[in-house]
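> Attaching a single structure in structure tokens format; questions to follow.
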Amino acid sequence: MFPYLSLSFLPLLAAIATAHRPHIDDGTHTSMSNAWIWPDTIYARDYMMNFECPSLAIFTKVFINDTSPHTFNLGVPNITSIYDFRPTLWIVGKTLSIPEEYHKEQASKHNSASTEVPRFTPYIPQGFTTLEYPSEGSSLWHGGGESSVGISFYTYLSVNVTVEEPGDVWAIIQPTENRRARVFITLGHNEQRGDEDGESNQLDMEAWHSPTSWPRIGSKCEPWGI
């Protein structure tokens, strides 16, 4: 059972949702060299992605110019058929600070016996620090939305990223199954709507959050390699 938030939180969460600047992926950002670029880390933005067939990794990039933590949140629209769609978030850069808890988690994985099938990984050139954050198994499940237009969502992964010195950081969303799905990622601090280049309109946002689509959202694709 998912730990839904109480109704008393909904007005606050609706306000947060409407304050983010929305952008929808156009399907072309499939490598580090052509990643979608976050304009800055100042304003809060939602980047909404569609995974079709085949389900390819989606790349985003941001320049971080300070050493304070910046939080990436990952989640899905409120569509029951993709509640269990859990991609992996990869954080990549040359100036990343590796959290102490990350070292401990990796050591624990290496010391425990596992029969897990190796995950699919994005292509990353040598010379970069790479941090892997699977959303599968995460206990986080926070809801939010905008009731006036019927938009709601759930966040299931939150990752703090810090750099040792200013530099580019890639946030890569890698599916671990070949399936039609939708995922959003957020970044930024100030909840203030704007009118910036590429910002999605209300109709596109509502369509992205809608479960009505064909082929059916959440449906499996042909297995990889076929």
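By order of appearance in the structure tokens: chains A, B, ..., then residues from 1 within every chain, and ligands from 1 in the order shown.
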Show which residues sit within 8 Å of His70 (chain A), as number ranges by chain. Count only C-alpha atoms, and ignore same-chain residues fewer than 2 positions away.

A: 41, 68, 72, 160-162, 187-188

> Figure out the distance between CA of Pro122 (chain A) and CA of Trp208 (chain A), please, to one decimal in Å.

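Atom-to-atom, CA of Trp208 (chain A) and CA of Pro122 (chain A) are spaced 24.8 Å apart.
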
> Expressed in Å to a single decimal, how great is the separation between CA of Leu96 (chain A) and CA of Asn34 (chain A)?

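CA of Leu96 (chain A) sits 20.4 Å away from CA of Asn34 (chain A).
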
> Which value, in Å to one decimal, gives the distance between CA of Asn50 (chain A) and CA of Pro175 (chain A)?

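According to the coordinates, CA of Asn50 (chain A) and CA of Pro175 (chain A) are separated by 11.0 Å.
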
> Restricting the calculation to only C-alpha atoms: of A:Val76, A:Ile185, A:Val92, A:Ile172, which residue gets closest to Ser152 (chain A)?

A:Val76

> Compare A:Thr186, A:Gln106, A:Thr212, A:Ser33 by their minimum atom-to-atom distance to Phe59 (chain A), counting only C-alpha atoms, and give me the closest one.

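That would be A:Ser33, the residue with the smallest distance to Phe59 (chain A).
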
> Can you list, as a list in words, every residue of region 8-108 of chain A that DSSP puts in alpha helix (DSSP H)?

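Assigned to alpha helix (DSSP H), within region 8-108 of chain A: Leu10, Pro11, Leu12, Leu13, Ala14, Ala15, Ile16, Ala17, Thr18, Ala19, Glu100, Glu101, Tyr102, His103, Lys104, Glu105, Gln106, Ala107 and Ser108 of chain A.
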
> Keeping only C-alpha atoms, write the selected residues as a compact mmCIF listing (two decimals), in the first residue's frame.


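Once written, result-v9.txt looks like this:
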```
# COMPACT_ATOMS: atom_id res chain seq x y z
CA LEU A 10 -3.06 19.18 -0.60
CA PRO A 11 -3.44 23.00 -0.75
CA LEU A 12 0.26 23.47 -0.03
CA LEU A 13 1.28 20.85 -2.57
CA ALA A 14 -0.99 22.39 -5.20
CA ALA A 15 0.69 25.73 -4.68
CA ILE A 16 4.10 24.13 -5.10
CA ALA A 17 3.08 22.36 -8.30
CA THR A 18 1.79 25.53 -9.95
CA ALA A 19 4.94 27.47 -8.99
CA GLU A 100 29.83 9.54 2.64
CA GLU A 101 26.55 7.63 2.75
CA TYR A 102 26.99 6.77 -0.94
CA HIS A 103 30.33 5.10 -0.15
CA LYS A 104 28.64 3.08 2.59
CA GLU A 105 25.77 1.99 0.36
CA GLN A 106 28.14 0.86 -2.38
CA ALA A 107 30.27 -1.08 0.10
CA SER A 108 27.15 -2.81 1.42
```

> Just list the residues in region 16-226 of chain A DSSP gives strand (DSSP E) on the backbone, as a ChimeraX atom specification.

/A:21-24,36-37,45-51,58-64,70-77,88-93,129-134,142-146,151-161,167-174,181-187

> Pull C-alpha atoms from the residues just selected and write them as a PDB file, in the first residue's frame.


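Wrote out_28.pdb, looks like this:
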```pdb
ATOM      1  CA  ARG A  21       8.231  26.147 -14.513  1.00  0.00           C
ATOM      2  CA  PRO A  22       7.160  23.205 -16.722  1.00  0.00           C
ATOM      3  CA  HIS A  23       9.097  21.811 -19.687  1.00  0.00           C
ATOM      4  CA  ILE A  24       8.368  18.669 -21.724  1.00  0.00           C
ATOM      5  CA  TRP A  36      18.555  19.238 -22.263  1.00  0.00           C
ATOM      6  CA  ILE A  37      20.032  22.198 -20.371  1.00  0.00           C
ATOM      7  CA  ARG A  45      11.421  23.601 -12.856  1.00  0.00           C
ATOM      8  CA  ASP A  46       9.672  20.365 -13.823  1.00  0.00           C
ATOM      9  CA  TYR A  47      11.091  18.411 -16.746  1.00  0.00           C
ATOM     10  CA  MET A  48       8.488  15.927 -17.984  1.00  0.00           C
ATOM     11  CA  MET A  49       9.660  12.958 -20.038  1.00  0.00           C
ATOM     12  CA  ASN A  50       8.010  10.329 -22.224  1.00  0.00           C
ATOM     13  CA  PHE A  51       9.512   6.867 -22.594  1.00  0.00           C
ATOM     14  CA  ILE A  58      17.158  10.848 -21.293  1.00  0.00           C
ATOM     15  CA  PHE A  59      19.995  13.277 -20.543  1.00  0.00           C
ATOM     16  CA  THR A  60      19.790  16.660 -18.814  1.00  0.00           C
ATOM     17  CA  LYS A  61      22.636  19.012 -17.860  1.00  0.00           C
ATOM     18  CA  VAL A  62      23.047  21.898 -15.442  1.00  0.00           C
ATOM     19  CA  PHE A  63      25.967  24.180 -14.559  1.00  0.00           C
ATOM     20  CA  ILE A  64      26.320  24.371 -10.780  1.00  0.00           C
ATOM     21  CA  HIS A  70      21.011  21.013  -5.000  1.00  0.00           C
ATOM     22  CA  THR A  71      18.128  18.539  -4.977  1.00  0.00           C
ATOM     23  CA  PHE A  72      16.864  16.465  -7.892  1.00  0.00           C
ATOM     24  CA  ASN A  73      13.430  14.880  -7.380  1.00  0.00           C
ATOM     25  CA  LEU A  74      12.127  12.055  -9.560  1.00  0.00           C
ATOM     26  CA  GLY A  75       8.555  10.815  -9.851  1.00  0.00           C
ATOM     27  CA  VAL A  76       5.535   9.935 -11.974  1.00  0.00           C
ATOM     28  CA  PRO A  77       2.150  11.466 -12.785  1.00  0.00           C
ATOM     29  CA  THR A  88      17.601   4.818 -12.292  1.00  0.00           C
ATOM     30  CA  LEU A  89      18.912   8.352 -11.840  1.00  0.00           C
ATOM     31  CA  TRP A  90      22.579   8.748 -12.765  1.00  0.00           C
ATOM     32  CA  ILE A  91      24.445  11.862 -11.612  1.00  0.00           C
ATOM     33  CA  VAL A  92      27.591  12.514 -13.661  1.00  0.00           C
ATOM     34  CA  GLY A  93      30.282  15.192 -13.542  1.00  0.00           C
ATOM     35  CA  THR A 129      32.544  10.666 -11.640  1.00  0.00           C
ATOM     36  CA  THR A 130      29.338   8.631 -11.851  1.00  0.00           C
ATOM     37  CA  LEU A 131      26.798   8.157  -9.054  1.00  0.00           C
ATOM     38  CA  GLU A 132      23.946   5.657  -9.446  1.00  0.00           C
ATOM     39  CA  TYR A 133      20.623   6.165  -7.641  1.00  0.00           C
ATOM     40  CA  PRO A 134      18.014   3.458  -8.360  1.00  0.00           C
ATOM     41  CA  HIS A 142       5.062  11.936  -1.682  1.00  0.00           C
ATOM     42  CA  GLY A 143       1.984  13.206  -3.467  1.00  0.00           C
ATOM     43  CA  GLY A 144       1.095  16.610  -4.844  1.00  0.00           C
ATOM     44  CA  GLY A 145      -0.907  18.276  -7.563  1.00  0.00           C
ATOM     45  CA  GLU A 146      -3.297  20.953  -8.746  1.00  0.00           C
ATOM     46  CA  ILE A 151      -3.132  17.307 -12.228  1.00  0.00           C
ATOM     47  CA  SER A 152      -1.528  15.130  -9.561  1.00  0.00           C
ATOM     48  CA  PHE A 153       1.746  13.262  -9.173  1.00  0.00           C
ATOM     49  CA  TYR A 154       3.987  11.257  -6.844  1.00  0.00           C
ATOM     50  CA  THR A 155       7.660  11.768  -6.048  1.00  0.00           C
ATOM     51  CA  TYR A 156       9.621   8.597  -5.269  1.00  0.00           C
ATOM     52  CA  LEU A 157      13.282   9.636  -5.298  1.00  0.00           C
ATOM     53  CA  SER A 158      15.112  12.671  -3.911  1.00  0.00           C
ATOM     54  CA  VAL A 159      18.871  13.125  -4.373  1.00  0.00           C
ATOM     55  CA  ASN A 160      21.082  15.912  -3.039  1.00  0.00           C
ATOM     56  CA  VAL A 161      23.982  16.836  -5.331  1.00  0.00           C
ATOM     57  CA  GLY A 167      31.131  22.644 -13.125  1.00  0.00           C
ATOM     58  CA  ASP A 168      28.644  20.859 -15.361  1.00  0.00           C
ATOM     59  CA  VAL A 169      26.521  18.094 -13.872  1.00  0.00           C
ATOM     60  CA  TRP A 170      24.426  15.645 -15.894  1.00  0.00           C
ATOM     61  CA  ALA A 171      21.263  14.087 -14.490  1.00  0.00           C
ATOM     62  CA  ILE A 172      20.458  11.041 -16.622  1.00  0.00           C
ATOM     63  CA  ILE A 173      17.223   9.090 -16.346  1.00  0.00           C
ATOM     64  CA  GLN A 174      17.822   5.499 -17.422  1.00  0.00           C
ATOM     65  CA  ALA A 181       5.905   5.464 -19.364  1.00  0.00           C
ATOM     66  CA  ARG A 182       6.205   9.045 -18.141  1.00  0.00           C
ATOM     67  CA  VAL A 183       8.579  10.405 -15.523  1.00  0.00           C
ATOM     68  CA  PHE A 184       9.349  13.893 -14.274  1.00  0.00           C
ATOM     69  CA  ILE A 185      12.491  15.326 -12.706  1.00  0.00           C
ATOM     70  CA  THR A 186      12.645  18.609 -10.800  1.00  0.00           C
ATOM     71  CA  LEU A 187      15.448  20.989  -9.864  1.00  0.00           C
TER      72      LEU A 187
END
```

> Quick one: of A:Gln192, A:Asn65, A:Ser200, A:Ser213, who's nearest to Asp26 (chain A), counting only C-alpha atoms?

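Smallest separation from Asp26 (chain A) among the options: A:Ser200.
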
> My list of candidates is A:Glu164, A:Ser97, A:Ser138, A:Phe85. Which is closest to Asp66 (chain A) when distances are computed with only C-alpha atoms?

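So, comparing all the options, the nearest one is A:Glu164.
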